[in-house]
>>> print(open('start10.txt').read())   # compact mmCIF, C-alpha atoms and all ligand atoms
# COMPACT_ATOMS: atom_id res chain seq x y z
CA MET A 1 -14.47 -82.33 -59.79
CA SER A 2 -13.59 -78.82 -60.86
CA SER A 3 -10.01 -77.84 -61.54
CA LYS A 4 -10.25 -74.34 -60.08
CA GLN A 5 -8.38 -73.47 -56.89
CA ILE A 6 -10.61 -73.43 -53.80
CA PRO A 7 -9.94 -70.15 -51.92
CA LEU A 8 -9.71 -70.01 -48.13
CA ASN A 9 -11.62 -66.75 -47.63
CA ARG A 10 -13.34 -64.44 -50.03
CA PRO A 11 -15.90 -61.68 -49.45
CA ASP A 12 -19.33 -62.68 -50.74
CA LEU A 13 -20.74 -59.53 -52.34
CA GLY A 14 -23.68 -59.44 -54.74
CA LEU A 15 -26.06 -57.26 -56.65
CA LYS A 16 -27.95 -56.16 -53.50
CA GLU A 17 -24.77 -54.71 -51.99
CA ARG A 18 -24.00 -52.87 -55.25
CA ILE A 19 -27.52 -51.43 -55.40
CA ALA A 20 -27.32 -50.35 -51.74
CA VAL A 21 -23.98 -48.58 -52.30
CA ASP A 22 -25.29 -46.94 -55.45
CA ALA A 23 -28.26 -45.54 -53.51
CA VAL A 24 -25.87 -43.94 -50.99
CA LEU A 25 -23.77 -42.42 -53.75
CA ARG A 26 -26.85 -41.00 -55.47
CA GLU A 27 -28.12 -39.47 -52.22
CA GLY A 28 -24.70 -38.03 -51.46
CA ALA A 29 -24.79 -38.21 -47.64
CA LEU A 30 -21.65 -40.27 -47.08
CA ALA A 31 -20.56 -39.82 -43.46
CA GLN A 32 -22.20 -41.49 -40.46
CA GLY A 33 -25.96 -41.04 -40.71
CA ARG A 34 -29.27 -42.84 -41.10
CA ARG A 35 -27.86 -46.13 -42.44
CA VAL A 36 -25.28 -46.41 -39.68
CA ALA A 37 -28.10 -46.05 -37.14
CA GLU A 38 -30.14 -48.69 -39.00
CA PHE A 39 -27.17 -51.04 -39.13
CA GLU A 40 -26.57 -50.62 -35.39
CA ALA A 41 -30.22 -51.38 -34.61
CA ALA A 42 -30.18 -54.48 -36.83
CA PHE A 43 -26.89 -55.71 -35.37
CA SER A 44 -28.18 -55.18 -31.87
CA LYS A 45 -30.79 -57.90 -32.48
CA THR A 46 -27.98 -60.47 -32.93
CA VAL A 47 -26.56 -59.70 -29.46
CA SER A 48 -29.68 -59.90 -27.27
CA GLY A 49 -30.57 -56.25 -27.85
CA GLN A 50 -27.36 -54.79 -26.36
CA ASN A 51 -26.23 -51.31 -27.45
CA SER A 52 -24.24 -51.54 -30.68
CA ILE A 53 -21.94 -48.74 -31.81
CA ALA A 54 -20.58 -48.94 -35.37
CA VAL A 55 -16.98 -47.86 -35.96
CA ASN A 56 -14.35 -47.98 -38.69
CA SER A 57 -12.66 -51.29 -37.72
CA GLY A 58 -12.69 -54.18 -35.29
CA THR A 59 -9.51 -52.83 -33.74
CA SER A 60 -11.22 -49.46 -33.09
CA ALA A 61 -14.21 -51.32 -31.64
CA LEU A 62 -11.96 -53.01 -29.10
CA HIS A 63 -9.81 -49.93 -28.46
CA LEU A 64 -12.77 -47.62 -27.79
CA GLY A 65 -14.39 -50.27 -25.61
CA LEU A 66 -11.27 -50.52 -23.44
CA LEU A 67 -11.00 -46.72 -23.20
CA ALA A 68 -14.67 -46.48 -22.22
CA LEU A 69 -13.95 -48.93 -19.38
CA GLY A 70 -11.30 -46.47 -18.18
CA ILE A 71 -8.36 -48.71 -19.03
CA GLY A 72 -5.05 -46.91 -19.49
CA PRO A 73 -1.46 -46.50 -18.28
CA GLY A 74 -0.61 -48.54 -15.17
CA ASP A 75 -3.35 -51.10 -15.84
CA GLU A 76 -2.89 -54.71 -16.92
CA VAL A 77 -5.19 -56.58 -19.26
CA ILE A 78 -4.95 -60.35 -19.61
CA VAL A 79 -4.97 -61.55 -23.23
CA PRO A 80 -4.24 -64.82 -25.01
CA SER A 81 -1.03 -64.95 -27.05
CA PHE A 82 -2.65 -67.25 -29.62
CA THR A 83 -4.68 -64.62 -31.51
CA PHE A 84 -4.39 -61.87 -34.10
CA ALA A 85 -2.11 -59.08 -32.83
CA ALA A 86 -5.02 -56.60 -32.80
CA SER A 87 -6.35 -58.22 -29.58
CA ALA A 88 -3.18 -57.06 -27.79
CA ASN A 89 -2.58 -53.91 -29.85
CA ALA A 90 -5.90 -52.46 -28.71
CA VAL A 91 -4.68 -52.84 -25.12
CA ALA A 92 -1.18 -51.47 -25.76
CA ILE A 93 -2.41 -48.32 -27.52
CA THR A 94 -4.48 -47.37 -24.46
CA GLY A 95 -1.18 -47.31 -22.56
CA ALA A 96 -2.11 -50.39 -20.53
CA THR A 97 0.05 -53.52 -20.49
CA PRO A 98 -1.13 -56.72 -22.14
CA VAL A 99 -0.34 -59.76 -19.97
CA PHE A 100 -0.09 -62.77 -22.25
CA VAL A 101 -1.32 -66.15 -21.07
CA ASP A 102 -1.69 -69.59 -22.57
CA ILE A 103 -4.70 -71.23 -24.23
CA GLU A 104 -6.26 -74.59 -23.44
CA PRO A 105 -5.59 -77.25 -26.09
CA ASP A 106 -9.11 -78.15 -27.24
CA TYR A 107 -10.83 -74.94 -28.33
CA PHE A 108 -7.84 -72.65 -29.05
CA SER A 109 -9.10 -70.17 -26.45
CA ILE A 110 -7.68 -68.55 -23.32
CA ASP A 111 -7.21 -71.01 -20.45
CA PRO A 112 -9.45 -69.96 -17.51
CA MET A 113 -7.00 -71.48 -15.00
CA ALA A 114 -4.12 -69.49 -16.51
CA VAL A 115 -6.26 -66.35 -16.32
CA LYS A 116 -7.00 -66.96 -12.65
CA ALA A 117 -3.30 -67.43 -11.91
CA SER A 118 -2.38 -64.17 -13.69
CA ILE A 119 -4.79 -61.81 -11.93
CA GLY A 120 -2.89 -59.30 -9.80
CA PRO A 121 -3.52 -55.91 -8.19
CA LYS A 122 -3.10 -54.05 -11.52
CA THR A 123 -5.40 -56.33 -13.54
CA LYS A 124 -8.40 -54.41 -14.89
CA ALA A 125 -9.79 -56.75 -17.54
CA VAL A 126 -9.56 -60.06 -19.36
CA ILE A 127 -10.01 -60.31 -23.11
CA ALA A 128 -11.66 -63.52 -24.23
CA VAL A 129 -11.01 -64.05 -27.94
CA HIS A 130 -13.58 -66.27 -29.65
CA LEU A 131 -10.94 -67.55 -32.02
CA TYR A 132 -12.02 -69.04 -35.37
CA GLY A 133 -15.63 -68.41 -34.30
CA HIS A 134 -15.56 -70.88 -31.40
CA PRO A 135 -16.66 -69.19 -28.17
CA ALA A 136 -14.08 -69.04 -25.40
CA GLN A 137 -15.12 -70.73 -22.14
CA ILE A 138 -17.02 -67.61 -21.40
CA SER A 139 -19.22 -68.64 -18.46
CA GLU A 140 -16.16 -69.77 -16.49
CA LEU A 141 -14.28 -66.60 -17.46
CA LYS A 142 -17.21 -64.43 -16.44
CA ALA A 143 -17.35 -66.11 -13.02
CA ILE A 144 -13.60 -65.53 -12.56
CA CYS A 145 -13.86 -61.85 -13.60
CA ASP A 146 -16.93 -61.22 -11.44
CA SER A 147 -15.31 -62.66 -8.34
CA ALA A 148 -12.10 -60.69 -8.95
CA GLY A 149 -14.02 -57.47 -9.63
CA ILE A 150 -12.52 -56.98 -13.10
CA PHE A 151 -14.06 -56.53 -16.55
CA LEU A 152 -14.69 -59.29 -19.05
CA VAL A 153 -14.12 -58.09 -22.62
CA GLU A 154 -14.97 -60.17 -25.69
CA ASP A 155 -12.94 -60.04 -28.89
CA ALA A 156 -15.71 -61.41 -31.10
CA ALA A 157 -14.06 -60.24 -34.34
CA GLN A 158 -14.35 -63.76 -35.77
CA ALA A 159 -17.50 -64.94 -34.04
CA HIS A 160 -20.67 -63.33 -35.46
CA LEU A 161 -23.70 -65.41 -34.37
CA ALA A 162 -21.69 -67.81 -32.20
CA GLU A 163 -23.33 -68.72 -28.89
CA PHE A 164 -22.38 -70.21 -25.55
CA GLY A 165 -25.06 -71.71 -23.33
CA SER A 166 -27.78 -70.22 -25.60
CA ILE A 167 -26.45 -66.67 -25.05
CA PRO A 168 -24.88 -65.00 -28.09
CA VAL A 169 -21.23 -64.00 -27.90
CA GLY A 170 -21.08 -60.26 -27.54
CA ALA A 171 -23.74 -60.35 -24.82
CA TRP A 172 -21.45 -61.84 -22.15
CA GLY A 173 -18.81 -59.19 -21.56
CA ALA A 174 -18.99 -55.59 -20.30
CA ILE A 175 -17.75 -54.75 -23.79
CA ALA A 176 -17.47 -56.81 -26.97
CA ALA A 177 -15.91 -56.04 -30.34
CA PHE A 178 -16.85 -57.40 -33.77
CA SER A 179 -15.00 -56.90 -37.06
CA PHE A 180 -16.31 -56.50 -40.60
CA TYR A 181 -12.96 -56.83 -42.35
CA PRO A 182 -13.34 -58.37 -45.84
CA THR A 183 -12.32 -61.90 -44.79
CA LYS A 184 -14.61 -62.04 -41.74
CA ASN A 185 -17.97 -63.86 -41.80
CA MET A 186 -19.62 -60.64 -42.97
CA THR A 187 -18.03 -57.44 -44.24
CA THR A 188 -18.54 -53.71 -44.64
CA GLY A 189 -15.22 -53.25 -46.48
CA GLU A 190 -13.56 -52.15 -43.26
CA GLY A 191 -15.60 -51.76 -40.11
CA GLY A 192 -16.36 -52.87 -36.61
CA MET A 193 -18.99 -52.80 -33.87
CA THR A 194 -18.57 -52.18 -30.17
CA VAL A 195 -21.27 -53.85 -28.10
CA ALA A 196 -22.00 -52.64 -24.57
CA GLY A 197 -24.83 -53.67 -22.29
CA ASP A 198 -24.46 -50.64 -20.07
CA GLU A 199 -25.93 -47.38 -21.41
CA GLY A 200 -23.25 -45.20 -19.80
CA LEU A 201 -20.48 -47.26 -21.38
CA ALA A 202 -22.22 -47.14 -24.75
CA ARG A 203 -22.46 -43.35 -24.51
CA ARG A 204 -18.72 -43.10 -23.79
CA VAL A 205 -17.94 -45.25 -26.83
CA ARG A 206 -20.18 -42.98 -28.97
CA LEU A 207 -18.35 -39.91 -27.67
CA LEU A 208 -14.92 -41.44 -28.28
CA ARG A 209 -15.94 -42.39 -31.81
CA ASN A 210 -16.89 -38.84 -32.75
CA GLN A 211 -14.51 -36.22 -31.32
CA GLY A 212 -16.14 -36.43 -27.90
CA MET A 213 -19.35 -34.88 -29.22
CA GLU A 214 -22.93 -35.96 -28.74
CA ARG A 215 -24.23 -32.60 -29.93
CA ARG A 216 -22.34 -30.78 -32.64
CA TYR A 217 -19.49 -28.56 -31.39
CA GLU A 218 -20.20 -29.38 -27.78
CA ASN A 219 -17.12 -31.55 -27.30
CA GLU A 220 -17.28 -33.16 -23.86
CA ILE A 221 -14.02 -35.14 -23.98
CA PRO A 222 -11.15 -35.51 -26.46
CA GLY A 223 -12.13 -38.18 -28.97
CA PHE A 224 -11.24 -39.77 -32.29
CA ASN A 225 -12.82 -39.85 -35.69
CA ASN A 226 -13.53 -43.59 -35.79
CA ARG A 227 -16.91 -43.28 -37.49
CA MET A 228 -18.35 -45.76 -39.97
CA THR A 229 -19.37 -44.42 -43.39
CA GLU A 230 -22.86 -44.71 -44.85
CA ILE A 231 -21.35 -46.75 -47.70
CA ALA A 232 -19.98 -49.30 -45.23
CA ALA A 233 -23.27 -49.43 -43.29
CA ALA A 234 -25.26 -49.92 -46.51
CA ILE A 235 -23.11 -52.97 -47.34
CA GLY A 236 -23.37 -54.19 -43.75
CA LEU A 237 -27.18 -54.04 -43.74
CA VAL A 238 -27.33 -56.34 -46.76
CA GLN A 239 -24.63 -58.67 -45.45
CA LEU A 240 -26.36 -58.95 -42.09
CA GLU A 241 -29.54 -60.18 -43.80
CA LYS A 242 -27.55 -63.00 -45.34
CA LEU A 243 -25.44 -63.86 -42.30
CA ALA A 244 -27.74 -66.44 -40.68
CA ALA A 245 -28.01 -68.54 -43.85
CA TRP A 246 -24.26 -68.26 -44.46
CA THR A 247 -23.47 -69.33 -40.90
CA LYS A 248 -25.80 -72.31 -41.27
CA LYS A 249 -23.93 -73.32 -44.42
CA ARG A 250 -20.56 -72.94 -42.67
CA ARG A 251 -21.83 -75.26 -39.92
CA ALA A 252 -23.09 -77.82 -42.43
CA ASN A 253 -19.74 -77.70 -44.24
CA ALA A 254 -17.91 -78.19 -40.94
CA SER A 255 -20.09 -81.22 -40.09
CA TYR A 256 -19.22 -82.76 -43.44
CA LEU A 257 -15.51 -82.18 -42.83
CA ASP A 258 -15.77 -83.53 -39.25
CA VAL A 259 -17.23 -86.80 -40.46
CA ASN A 260 -15.10 -87.32 -43.54
CA LEU A 261 -11.58 -86.11 -42.74
CA SER A 262 -9.09 -88.65 -41.48
CA GLY A 263 -5.50 -88.62 -40.27
CA VAL A 264 -5.71 -85.02 -38.98
CA VAL A 265 -7.17 -83.59 -35.75
CA VAL A 266 -10.50 -81.90 -36.50
CA PRO A 267 -11.67 -78.94 -34.36
CA LYS A 268 -13.49 -79.89 -31.19
CA VAL A 269 -16.69 -78.07 -30.22
CA HIS A 270 -17.58 -77.44 -26.58
CA PRO A 271 -20.92 -79.09 -25.66
CA LEU A 272 -22.42 -75.67 -24.73
CA ALA A 273 -21.02 -73.86 -27.77
CA ILE A 274 -22.47 -72.98 -31.14
CA HIS A 275 -19.54 -72.41 -33.46
CA ALA A 276 -19.57 -69.71 -36.16
CA TYR A 277 -16.76 -71.41 -38.14
CA HIS A 278 -14.94 -68.31 -39.24
CA GLN A 279 -12.13 -70.80 -39.76
CA TYR A 280 -12.09 -74.58 -39.77
CA THR A 281 -8.74 -75.28 -38.21
CA ILE A 282 -7.18 -78.72 -38.15
CA LYS A 283 -4.01 -79.84 -36.43
CA VAL A 284 -1.55 -81.62 -38.67
CA GLU A 285 0.45 -83.46 -36.05
CA GLY A 286 3.26 -85.71 -37.20
CA HIS A 287 3.49 -83.98 -40.59
CA ASP A 288 5.70 -81.25 -41.98
CA ARG A 289 3.02 -78.53 -42.06
CA THR A 290 4.74 -76.37 -44.68
CA ARG A 291 4.98 -79.31 -47.05
CA PHE A 292 1.45 -80.45 -46.22
CA ALA A 293 0.07 -76.99 -47.12
CA ALA A 294 2.16 -76.81 -50.32
CA GLU A 295 0.93 -80.25 -51.46
CA LEU A 296 -2.63 -79.28 -50.56
CA LYS A 297 -2.31 -76.23 -52.79
CA LYS A 298 -1.12 -78.41 -55.66
CA LEU A 299 -4.26 -80.49 -55.19
CA GLY A 300 -6.34 -77.31 -55.60
CA VAL A 301 -7.07 -76.41 -51.97
CA ASP A 302 -5.86 -73.18 -50.37
CA SER A 303 -5.05 -73.09 -46.66
CA ASP A 304 -3.30 -70.75 -44.23
CA VAL A 305 -1.77 -70.59 -40.79
CA TYR A 306 -3.60 -68.44 -38.19
CA TYR A 307 -1.26 -67.63 -36.50
CA PRO A 308 2.36 -68.65 -37.15
CA ALA A 309 3.84 -66.89 -34.09
CA PRO A 310 2.65 -66.28 -30.53
CA VAL A 311 1.80 -62.56 -30.25
CA HIS A 312 3.97 -62.07 -27.15
CA LYS A 313 7.05 -63.13 -29.13
CA LEU A 314 6.45 -60.69 -32.01
CA PRO A 315 8.89 -57.75 -32.20
CA ALA A 316 6.05 -55.43 -31.10
CA TYR A 317 6.03 -57.11 -27.68
CA GLY A 318 9.44 -58.79 -27.56
CA LEU A 319 8.66 -61.13 -24.67
CA THR A 320 10.36 -64.46 -24.31
CA HIS A 321 8.48 -66.44 -21.67
CA SER A 322 7.23 -69.77 -22.85
CA LEU A 323 3.54 -70.57 -23.29
CA GLU A 324 3.56 -74.26 -23.97
CA VAL A 325 0.19 -74.94 -25.60
CA THR A 326 0.32 -71.75 -27.69
CA GLU A 327 3.76 -72.63 -29.02
CA ARG A 328 2.80 -76.22 -29.81
CA ILE A 329 -0.35 -75.21 -31.69
CA THR A 330 1.28 -72.39 -33.69
CA LYS A 331 3.38 -75.17 -35.22
CA THR A 332 0.56 -77.60 -36.13
CA CYS A 333 -2.57 -75.52 -36.88
CA LEU A 334 -3.82 -75.22 -40.45
CA SER A 335 -7.03 -73.52 -41.53
CA ILE A 336 -8.83 -75.00 -44.53
CA PRO A 337 -11.85 -73.69 -46.48
CA VAL A 338 -15.26 -73.90 -44.72
CA HIS A 339 -17.04 -70.80 -46.15
CA GLN A 340 -20.55 -70.66 -47.58
CA LYS A 341 -19.47 -70.64 -51.21
CA LEU A 342 -18.11 -74.20 -51.13
CA SER A 343 -20.02 -76.55 -53.42
CA LYS A 344 -20.55 -80.27 -52.80
CA SER A 345 -17.74 -81.05 -55.19
CA ASP A 346 -15.45 -78.51 -53.49
CA LEU A 347 -16.06 -80.27 -50.16
CA ALA A 348 -15.37 -83.67 -51.70
CA LYS A 349 -12.19 -82.30 -53.24
CA ILE A 350 -10.98 -80.92 -49.88
CA VAL A 351 -11.64 -84.25 -48.13
CA HIS A 352 -10.00 -86.26 -50.89
CA ALA A 353 -6.89 -84.05 -50.87
CA ILE A 354 -6.42 -84.01 -47.10
CA ASN A 355 -7.05 -87.72 -46.63
CA LYS A 356 -4.66 -88.53 -49.44
CA LEU A 357 -1.89 -86.41 -47.90
CA SER A 358 -2.44 -87.60 -44.34
CA LYS A 359 -2.35 -91.22 -45.48
CA ALA A 360 0.78 -90.65 -47.54
CA GLY A 361 2.45 -89.20 -44.43
CA ALA A 362 3.18 -85.94 -46.27
C1 LIG B 401 -9.79 -59.22 -37.49
C2 LIG B 401 -9.53 -59.28 -36.04
C3 LIG B 401 -9.41 -58.13 -35.26
C4 LIG B 401 -9.34 -56.75 -35.83
O1 LIG B 401 -10.36 -56.40 -36.68
P1 LIG B 401 -10.07 -55.31 -37.83
O2 LIG B 401 -11.44 -55.03 -38.37
O3 LIG B 401 -9.17 -55.96 -38.82
O4 LIG B 401 -9.46 -54.13 -37.20
C5 LIG B 401 -9.25 -58.27 -33.89
N1 LIG B 401 -9.17 -59.48 -33.32
C6 LIG B 401 -9.28 -60.61 -34.02
C7 LIG B 401 -9.22 -61.92 -33.32
C8 LIG B 401 -9.44 -60.55 -35.41
O5 LIG B 401 -9.51 -61.69 -36.11
>>> encode(input="start10.txt", output="structure tokens", more="lines below")
Ligand SMILES: *Cc1c(COP(=O)(O)O)cnc(C)c1O
Amino acid sequence: MSSKQIPLNRPDLGLKERIAVDAVLREGALAQGRRVAEFEAAFSKTVSGQNSIAVNSGTSALHLGLLALGIGPGDEVIVPSFTFAASANAVAITGATPVFVDIEPDYFSIDPMAVKASIGPKTKAVIAVHLYGHPAQISELKAICDSAGIFLVEDAAQAHLAEFGSIPVGAWGAIAAFSFYPTKNMTTGEGGMTVAGDEGLARRVRLLRNQGMERRYENEIPGFNNRMTEIAAAIGLVQLEKLAAWTKKRRANASYLDVNLSGVVVPKVHPLAIHAYHQYTIKVEGHDRTRFAAELKKLGVDSDVYYPAPVHKLPAYGLTHSLEVTERITKTCLSIPVHQKLSKSDLAKIVHAINKLSKAGA
């Protein structure tokens, strides 16, 4: 067994990415251009051919998607509180109000029954977050949204290549957003992708991304500069080629952990879901999680808590209502390494360390 520390997340960049970036630098066309278009076309294939619009971050991808749907002041958007704050921030910066609801306990994703109970006259959309790469219960959520006449939006920032009922995530909602932040399953440095089935919506996202222009200096609406650079797209094209093999390795690593870990609750997978394992998140019930993580680190295994506080209780939102499952799980969740760079001996080391601590009642 090696003595090096096993990291939780780390971007996996190689010679091909360096060569691709070098080619962009030599050509000198750096802003959104040919490679961005190529990257969008390639990404589109992973989401059943839906329109894909590359932007500068996952947060922008979600924000522009919501704006394209016409969401703004006076509207409500239902979001889970157990997520990264960006899921709610994207709503708040449109001027709409995020309405925070609880998750169900098995898959860490928004509870369809809680969504149903929270729909009111101002509700315009529901954001399903595919947290850790496990799809939310998206078919049920889609049925609820369709019958209420509101939009389903997917925050797929962590869920590249995940599927539900043989349909890829990103192809379910009116709008979906992916992230290419360095710790995500693939990276472009910073970057994101809005996915939209509808051509009119896709056009609005493209306008919002680029100062409201389709043709140069013919600004149709006020817009942002949320474009992706050619450097980012060049990295993304290479990463995307590797993504399927990486995801397969993540799944194999997760299967190994599922079978061999004991004394902790391993992540459940919905029978219709294909998990992308952005994170492998266990529940350490009956242990002091802070001590458990500290001991784990001493045994050479890094871990982290995603997320330590419900978003609605953060100072940015300052709400106090109680969301029982969210609050329970923020106290017991712990994400451990599952990424494609783990070796056989790394996996054995992780299992040995966790089983030792859980048995010792750490
Ligand atoms: C990373 C992430 C985002 C935001 O993506 P950025 O590229 O960092 O802006 C949004 N939602 C979730 C769930 C994320 O994990």
>>> residues_near_ligand(input="start10.txt", ligand="ligand LIG 401 (chain B)", cutoff="10 Å", atoms="all atoms listed in the file", output="number ranges by chain")
A: 55-63, 82-90, 128-133, 154-159, 177-184, 187-193, 278, 306
>>> closest_residue(input="start10.txt", among="A:Met228, A:Leu208, A:Ile329, A:Val115", to="Gly65 of chain A", atoms="all atoms listed in the file")
A:Leu208
>>> atom_distance(input="start10.txt", atom1="atom CA of Phe100 of chain A", atom2="atom CA of Ile175 of chain A")
19.5 Å
>>> residues_near_point(input="start10.txt", point="(-12.1, -33.9, -26.9)", cutoff="10 Å", atoms="only C-alpha atoms", output="PyMOL selection string")
chain A and resi 207-208+210-213+218-224
>>> residues_around(input="start10.txt", residues="segment 308-316 of chain A", least_positions_apart="4", cutoff="12 Å", atoms="only C-alpha atoms", output="PDB file with C-alpha atoms, in the coordinates of the input")
ATOM      1  CA  ILE A  78      -4.950 -60.350 -19.610  1.00  0.00           C
ATOM      2  CA  VAL A  79      -4.970 -61.550 -23.230  1.00  0.00           C
ATOM      3  CA  PRO A  80      -4.240 -64.820 -25.010  1.00  0.00           C
ATOM      4  CA  SER A  81      -1.030 -64.950 -27.050  1.00  0.00           C
ATOM      5  CA  PHE A  82      -2.650 -67.250 -29.620  1.00  0.00           C
ATOM      6  CA  THR A  83      -4.680 -64.620 -31.510  1.00  0.00           C
ATOM      7  CA  PHE A  84      -4.390 -61.870 -34.100  1.00  0.00           C
ATOM      8  CA  ALA A  85      -2.110 -59.080 -32.830  1.00  0.00           C
ATOM      9  CA  ALA A  86      -5.020 -56.600 -32.800  1.00  0.00           C
ATOM     10  CA  SER A  87      -6.350 -58.220 -29.580  1.00  0.00           C
ATOM     11  CA  ALA A  88      -3.180 -57.060 -27.790  1.00  0.00           C
ATOM     12  CA  ASN A  89      -2.580 -53.910 -29.850  1.00  0.00           C
ATOM     13  CA  ALA A  92      -1.180 -51.470 -25.760  1.00  0.00           C
ATOM     14  CA  ILE A  93      -2.410 -48.320 -27.520  1.00  0.00           C
ATOM     15  CA  THR A  97       0.050 -53.520 -20.490  1.00  0.00           C
ATOM     16  CA  PRO A  98      -1.130 -56.720 -22.140  1.00  0.00           C
ATOM     17  CA  VAL A  99      -0.340 -59.760 -19.970  1.00  0.00           C
ATOM     18  CA  PHE A 100      -0.090 -62.770 -22.250  1.00  0.00           C
ATOM     19  CA  VAL A 101      -1.320 -66.150 -21.070  1.00  0.00           C
ATOM     20  CA  ASP A 102      -1.690 -69.590 -22.570  1.00  0.00           C
ATOM     21  CA  ILE A 103      -4.700 -71.230 -24.230  1.00  0.00           C
ATOM     22  CA  ARG A 289       3.020 -78.530 -42.060  1.00  0.00           C
ATOM     23  CA  THR A 290       4.740 -76.370 -44.680  1.00  0.00           C
ATOM     24  CA  ASP A 304      -3.300 -70.750 -44.230  1.00  0.00           C
ATOM     25  CA  THR A 320      10.360 -64.460 -24.310  1.00  0.00           C
ATOM     26  CA  HIS A 321       8.480 -66.440 -21.670  1.00  0.00           C
ATOM     27  CA  SER A 322       7.230 -69.770 -22.850  1.00  0.00           C
ATOM     28  CA  LEU A 323       3.540 -70.570 -23.290  1.00  0.00           C
ATOM     29  CA  GLU A 324       3.560 -74.260 -23.970  1.00  0.00           C
ATOM     30  CA  VAL A 325       0.190 -74.940 -25.600  1.00  0.00           C
ATOM     31  CA  THR A 326       0.320 -71.750 -27.690  1.00  0.00           C
ATOM     32  CA  GLU A 327       3.760 -72.630 -29.020  1.00  0.00           C
ATOM     33  CA  ARG A 328       2.800 -76.220 -29.810  1.00  0.00           C
ATOM     34  CA  ILE A 329      -0.350 -75.210 -31.690  1.00  0.00           C
ATOM     35  CA  THR A 330       1.280 -72.390 -33.690  1.00  0.00           C
ATOM     36  CA  LYS A 331       3.380 -75.170 -35.220  1.00  0.00           C
ATOM     37  CA  THR A 332       0.560 -77.600 -36.130  1.00  0.00           C
ATOM     38  CA  CYS A 333      -2.570 -75.520 -36.880  1.00  0.00           C
ATOM     39  CA  LEU A 334      -3.820 -75.220 -40.450  1.00  0.00           C
ATOM     40  CA  SER A 335      -7.030 -73.520 -41.530  1.00  0.00           C
TER      41      SER A 335
END
>>> atom_distance(input="start10.txt", atom1="atom CA of Gly28 of chain A", atom2="atom CA of Glu230 of chain A")
9.6 Å
>>> atom_distance(input="start10.txt", atom1="atom CA of Ala68 of chain A", atom2="atom CA of Gly149 of chain A")
16.7 Å
>>> residues_near_point(input="start10.txt", point="(-9.5, -89.2, -49.1)", cutoff="12 Å", atoms="all atoms listed in the file", output="list in words")
Leu257, Val259, Asn260, Leu261, Ser262, Gly263, Val264, Leu299, Leu347, Ala348, Lys349, Ile350, Val351, His352, Ala353, Ile354, Asn355, Lys356, Leu357, Ser358, Lys359 and Ala360 of chain A
>>> residues_around(input="start10.txt", residues="segment 233-244 of chain A", least_positions_apart="4", cutoff="6 Å", atoms="all atoms listed in the file", output="JSON, numbers by chain")
{"A": [17, 20, 35, 36, 39, 186, 188]}
>>> closest_residue(input="start10.txt", among="A:Ser44, A:Asn51, A:Asn226, A:Gln5", to="Leu201 of chain A", atoms="only C-alpha atoms")
A:Asn51
>>> closest_residue(input="start10.txt", among="A:Asp106, A:Ala162, A:Asn225, A:Thr123", to="Val266 of chain A", atoms="all atoms listed in the file")
A:Asp106
>>> residues_around(input="start10.txt", residues="His275 of chain A", least_positions_apart="2", cutoff="8 Å", atoms="only C-alpha atoms", output="VMD selection string")
chain A and resid 133 to 135 159 162 to 163 251 269 273 277
